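Printed here is my_file_3.csv (CSV, C-alpha atoms (C1' of nucleotides)):
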```csv
chain,number,residue,atom,x,y,z
A,1,MET,CA,0.4,-7.0,-8.5
A,2,LEU,CA,0.8,-3.3,-8.6
A,3,THR,CA,-1.8,-1.0,-7.2
A,4,LYS,CA,-2.8,2.3,-8.8
A,5,PHE,CA,-0.9,4.0,-6.1
A,6,GLU,CA,2.3,2.1,-6.8
A,7,VAL,CA,2.0,2.6,-10.5
A,8,LYS,CA,1.8,6.4,-10.0
A,9,VAL,CA,4.7,6.4,-7.7
A,10,LEU,CA,6.8,4.3,-10.1
A,11,ASN,CA,5.8,6.3,-13.0
A,12,LEU,CA,6.9,9.5,-11.4
A,13,THR,CA,10.1,8.0,-10.1
A,14,LYS,CA,11.0,6.8,-13.6
A,15,LYS,CA,10.6,10.3,-14.8
A,16,ILE,CA,13.4,11.6,-12.6
A,17,PRO,CA,16.2,12.8,-15.0
A,18,LYS,CA,19.8,11.9,-14.5
A,19,GLY,CA,21.8,14.1,-12.2
A,20,LYS,CA,18.6,15.0,-10.3
A,21,VAL,CA,17.0,13.7,-7.2
A,22,THR,CA,13.4,13.8,-5.8
A,23,THR,CA,12.0,13.7,-2.4
A,24,TYR,CA,9.2,11.5,-1.1
A,25,LYS,CA,7.4,14.6,-0.3
A,26,GLU,CA,7.5,15.8,-3.9
A,27,ILE,CA,6.2,12.6,-5.2
A,28,ALA,CA,3.4,12.5,-2.7
A,29,LYS,CA,2.6,16.1,-3.7
A,30,ALA,CA,2.7,15.2,-7.4
A,31,LEU,CA,0.2,12.5,-6.6
A,32,ASN,CA,-1.9,15.0,-4.8
A,33,THR,CA,-1.7,12.9,-1.6
A,34,LYS,CA,0.0,13.0,1.8
A,35,ALA,CA,1.1,9.4,1.9
A,36,TYR,CA,4.8,10.1,2.2
A,37,ARG,CA,5.4,6.7,3.7
A,38,ALA,CA,3.2,5.0,1.2
A,39,VAL,CA,5.5,6.3,-1.5
A,40,GLY,CA,8.5,4.7,0.2
A,41,THR,CA,6.6,1.6,0.8
A,42,ALA,CA,5.6,1.4,-2.9
A,43,LEU,CA,9.2,1.8,-4.0
A,44,LYS,CA,10.6,-0.8,-1.7
A,45,LYS,CA,8.0,-3.3,-2.7
A,46,ASN,CA,8.7,-2.8,-6.4
A,47,PRO,CA,12.2,-3.9,-7.4
A,48,TYR,CA,11.4,-2.5,-10.8
A,49,ALA,CA,14.7,-2.1,-12.6
A,50,LYS,CA,13.3,0.8,-14.5
A,51,VAL,CA,12.7,2.7,-11.3
A,52,PRO,CA,15.7,4.6,-10.0
A,53,CYS,CA,14.7,4.4,-6.4
A,54,HIS,CA,18.1,5.6,-5.5
A,55,ARG,CA,17.2,9.0,-6.8
A,56,VAL,CA,14.5,9.3,-4.3
A,57,ILE,CA,15.6,10.8,-1.0
A,58,ASN,CA,14.2,12.5,2.1
A,59,SER,CA,13.2,16.1,2.2
A,60,ASN,CA,16.0,16.9,4.7
A,61,GLY,CA,18.6,16.1,2.1
A,62,LYS,CA,19.6,12.7,3.5
A,63,VAL,CA,19.4,9.7,1.2
A,64,GLY,CA,17.1,8.0,3.6
A,65,SER,CA,17.2,4.3,3.0
A,66,TYR,CA,17.9,1.9,0.1
A,67,LYS,CA,17.6,-1.8,-0.1
A,68,GLY,CA,16.2,-1.7,3.4
A,69,LYS,CA,19.3,-0.1,4.8
A,70,PRO,CA,19.7,3.5,6.1
A,71,ASN,CA,22.3,5.6,4.4
A,72,SER,CA,23.3,2.9,1.9
A,73,LYS,CA,26.8,3.6,0.7
A,74,GLU,CA,25.8,2.3,-2.7
A,75,LYS,CA,23.1,4.8,-3.0
A,76,ILE,CA,25.3,7.7,-1.9
A,77,ARG,CA,28.0,6.6,-4.3
A,78,LEU,CA,25.6,6.2,-7.1
A,79,LEU,CA,24.1,9.6,-6.6
A,80,LYS,CA,27.5,11.1,-6.4
A,81,LYS,CA,28.4,9.5,-9.6
A,82,GLU,CA,25.3,11.0,-11.2
A,83,GLY,CA,26.7,14.4,-10.4
A,84,ILE,CA,24.9,15.1,-7.1
A,85,GLU,CA,27.0,17.1,-4.8
A,86,MET,CA,26.9,16.0,-1.2
A,87,LYS,CA,27.7,17.5,2.2
A,88,ASN,CA,28.5,14.9,4.7
A,89,ASN,CA,26.0,12.3,3.4
A,90,LYS,CA,23.6,15.2,2.6
A,91,ILE,CA,22.5,16.2,-0.8
A,92,ASN,CA,22.1,19.7,-2.0
A,93,LEU,CA,18.4,19.6,-2.5
A,94,LYS,CA,18.3,23.2,-3.6
A,95,LYS,CA,20.3,22.3,-6.7
A,96,PHE,CA,19.4,18.7,-7.5
A,97,THR,CA,15.8,18.3,-6.3
A,98,PHE,CA,13.6,17.7,-9.3
A,99,SER,CA,10.1,19.1,-9.2
A,100,PHE,CA,7.1,17.5,-11.0
A,101,SER,CA,4.8,19.6,-12.9
B,1,DT,C1',21.4,18.5,16.6
B,2,DC,C1',18.8,14.7,18.5
B,3,DT,C1',14.6,12.6,20.4
B,4,DT,C1',9.9,12.3,20.9
B,5,DT,C1',5.4,12.8,19.3
B,6,DA,C1',1.7,13.4,16.0
B,7,DC,C1',0.1,13.0,11.3
B,8,DT,C1',-0.8,10.2,7.4
B,9,DC,C1',-1.9,6.3,4.2
B,10,DA,C1',-0.9,2.0,1.8
B,11,DA,C1',0.2,-2.9,2.5
B,12,DG,C1',0.4,-7.1,5.3
B,13,DG,C1',-0.8,-10.0,9.3
C,1,DC,C1',-8.5,-4.2,13.5
C,2,DC,C1',-3.6,-3.6,14.5
C,3,DT,C1',1.3,-3.2,13.2
C,4,DT,C1',4.8,-1.9,10.1
C,5,DG,C1',7.2,1.2,6.8
C,6,DA,C1',12.8,3.5,2.2
C,7,DG,C1',8.5,9.9,5.6
C,8,DT,C1',7.4,14.6,7.2
C,9,DA,C1',6.7,18.3,10.4
C,10,DA,C1',6.4,20.3,14.8
C,11,DA,C1',7.8,20.6,19.6
C,12,DG,C1',10.9,19.7,23.5
C,13,DA,C1',15.5,18.7,25.4
```

Can I see the file as structure tokens?
Amino acid sequence: MLTKFEVKVLNLTKKIPKGKVTTYKEIAKALNTKAYRAVGTALKKNPYAKVPCHRVINSNGKVGSYKGKPNSKEKIRLLKKEGIEMKNNKINLKKFTFSFS
DNA sequence: TCTTTACTCAAGG
DNA sequence: CCTTGAGTAAAGA
């Protein structure tokens, strides 16, 4: 059962274009809320294949967690494959952060 | 840079 | 009601 909040989060996350990444903060902002943590909670609770959770990272440029593990190598590698440049496990937010309108 | 603390809110117990 | 969580920001060391 998905809540309204989760639907919003998933919807936005699905809109993330390839080669781009989004931060939890941006998503929360797009939802007009401050529930940064709730965003992450919603993503982890919804193993929706259509949702590229791996494109959602922390505002500090780190990938944060994925599949319940911090700095998941898979996530990093996948992002890198997407075309995201990285600096010692950190992503260039300035270039690859996608902003919602 | 790292750690601690405070803030915040949804979900689960 | 209390704890947890895929966070963020500010402050201190």

Please return as a list in words every residue within 12 Å of (6.2, 23.5, 19.2), taking into account all atoms listed in the file and the file's own coordinates.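 Those residues, ordered by chain and then number, are DT4, DT5 and DA6 of chain B; DA9, DA10, DA11 and DG12 of chain C.
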
Using CA of Asn89 in chain A and CA of Gly61 in chain A as the two end points, give the distance in Å to one decimal.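 Interatomic distance here is 8.4 Å.
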
Residues of chain A were defined as contacting chain C if any atom lay at most 6 Å from it, counting only C-alpha atoms (C1' of nucleotides); please report them as a ChimeraX atom specification. /A:36-37,40,65-66

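Restricting the calculation to all atoms listed in the file, the smallest distance between DC9 in chain B and any of A:Ile16, A:Ile91, A:Ala42, A:Val21 is found for A:Ala42.
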
Would you give me, as a count of residues only, the residues of chain B that come within 12 Å of chain A, using all atoms listed in the file? 6

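With CA of Asn58 in chain A on one side and CA of Val7 in chain A on the other, the separation reads 20.1 Å.
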
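What separates CA of Leu79 in chain A from CA of Lys18 in chain A is a distance of 9.3 Å.
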
As an mmCIF file, in the frame of the given file, the rebuilt range 15-30 of chain A with N, CA, C and O atoms:
```cif
data_model
loop_
_atom_site.group_PDB
_atom_site.id
_atom_site.type_symbol
_atom_site.label_atom_id
_atom_site.label_comp_id
_atom_site.auth_asym_id
_atom_site.auth_seq_id
_atom_site.Cartn_x
_atom_site.Cartn_y
_atom_site.Cartn_z
ATOM 1 N N LYS A 15 10.489 9.040 -14.116
ATOM 2 C CA LYS A 15 10.600 10.300 -14.800
ATOM 3 C C LYS A 15 11.770 11.175 -14.309
ATOM 4 O O LYS A 15 12.091 12.198 -14.882
ATOM 5 N N ILE A 16 12.328 10.754 -13.219
ATOM 6 C CA ILE A 16 13.400 11.600 -12.600
ATOM 7 C C ILE A 16 14.613 11.553 -13.590
ATOM 8 O O ILE A 16 15.129 10.504 -13.914
ATOM 9 N N PRO A 17 15.024 12.732 -14.028
ATOM 10 C CA PRO A 17 16.200 12.800 -15.000
ATOM 11 C C PRO A 17 17.485 12.546 -14.271
ATOM 12 O O PRO A 17 17.607 12.660 -13.046
ATOM 13 N N LYS A 18 18.451 12.189 -15.069
ATOM 14 C CA LYS A 18 19.800 11.900 -14.500
ATOM 15 C C LYS A 18 20.394 13.146 -13.924
ATOM 16 O O LYS A 18 20.198 14.236 -14.427
ATOM 17 N N GLY A 19 21.120 12.951 -12.865
ATOM 18 C CA GLY A 19 21.800 14.100 -12.200
ATOM 19 C C GLY A 19 20.804 14.878 -11.347
ATOM 20 O O GLY A 19 21.116 15.945 -10.852
ATOM 21 N N LYS A 20 19.609 14.317 -11.166
ATOM 22 C CA LYS A 20 18.600 15.000 -10.300
ATOM 23 C C LYS A 20 18.097 14.015 -9.270
ATOM 24 O O LYS A 20 18.167 12.804 -9.450
ATOM 25 N N VAL A 21 17.538 14.534 -8.229
ATOM 26 C CA VAL A 21 17.000 13.700 -7.200
ATOM 27 C C VAL A 21 15.571 14.211 -6.830
ATOM 28 O O VAL A 21 15.241 15.352 -7.131
ATOM 29 N N THR A 22 14.803 13.376 -6.230
ATOM 30 C CA THR A 22 13.400 13.800 -5.800
ATOM 31 C C THR A 22 13.166 13.306 -4.418
ATOM 32 O O THR A 22 13.693 12.299 -3.988
ATOM 33 N N THR A 23 12.360 14.047 -3.730
ATOM 34 C CA THR A 23 12.000 13.700 -2.400
ATOM 35 C C THR A 23 10.675 12.947 -2.330
ATOM 36 O O THR A 23 9.847 13.119 -3.212
ATOM 37 N N TYR A 24 10.466 12.181 -1.310
ATOM 38 C CA TYR A 24 9.200 11.500 -1.100
ATOM 39 C C TYR A 24 8.068 12.480 -1.063
ATOM 40 O O TYR A 24 6.964 12.253 -1.548
ATOM 41 N N LYS A 25 8.355 13.560 -0.458
ATOM 42 C CA LYS A 25 7.400 14.600 -0.300
ATOM 43 C C LYS A 25 6.897 15.126 -1.667
ATOM 44 O O LYS A 25 5.710 15.312 -1.900
ATOM 45 N N GLU A 26 7.867 15.354 -2.553
ATOM 46 C CA GLU A 26 7.500 15.800 -3.900
ATOM 47 C C GLU A 26 6.667 14.844 -4.629
ATOM 48 O O GLU A 26 5.712 15.218 -5.294
ATOM 49 N N ILE A 27 7.026 13.600 -4.531
ATOM 50 C CA ILE A 27 6.200 12.600 -5.200
ATOM 51 C C ILE A 27 4.824 12.532 -4.653
ATOM 52 O O ILE A 27 3.854 12.522 -5.405
ATOM 53 N N ALA A 28 4.729 12.540 -3.346
ATOM 54 C CA ALA A 28 3.400 12.500 -2.700
ATOM 55 C C ALA A 28 2.607 13.743 -3.179
ATOM 56 O O ALA A 28 1.415 13.648 -3.486
ATOM 57 N N LYS A 29 3.283 14.851 -3.252
ATOM 58 C CA LYS A 29 2.600 16.100 -3.700
ATOM 59 C C LYS A 29 2.170 15.975 -5.123
ATOM 60 O O LYS A 29 1.078 16.395 -5.485
ATOM 61 N N ALA A 30 3.032 15.402 -5.948
ATOM 62 C CA ALA A 30 2.700 15.200 -7.400
ATOM 63 C C ALA A 30 1.471 14.321 -7.505
ATOM 64 O O ALA A 30 0.681 14.476 -8.434
#
```
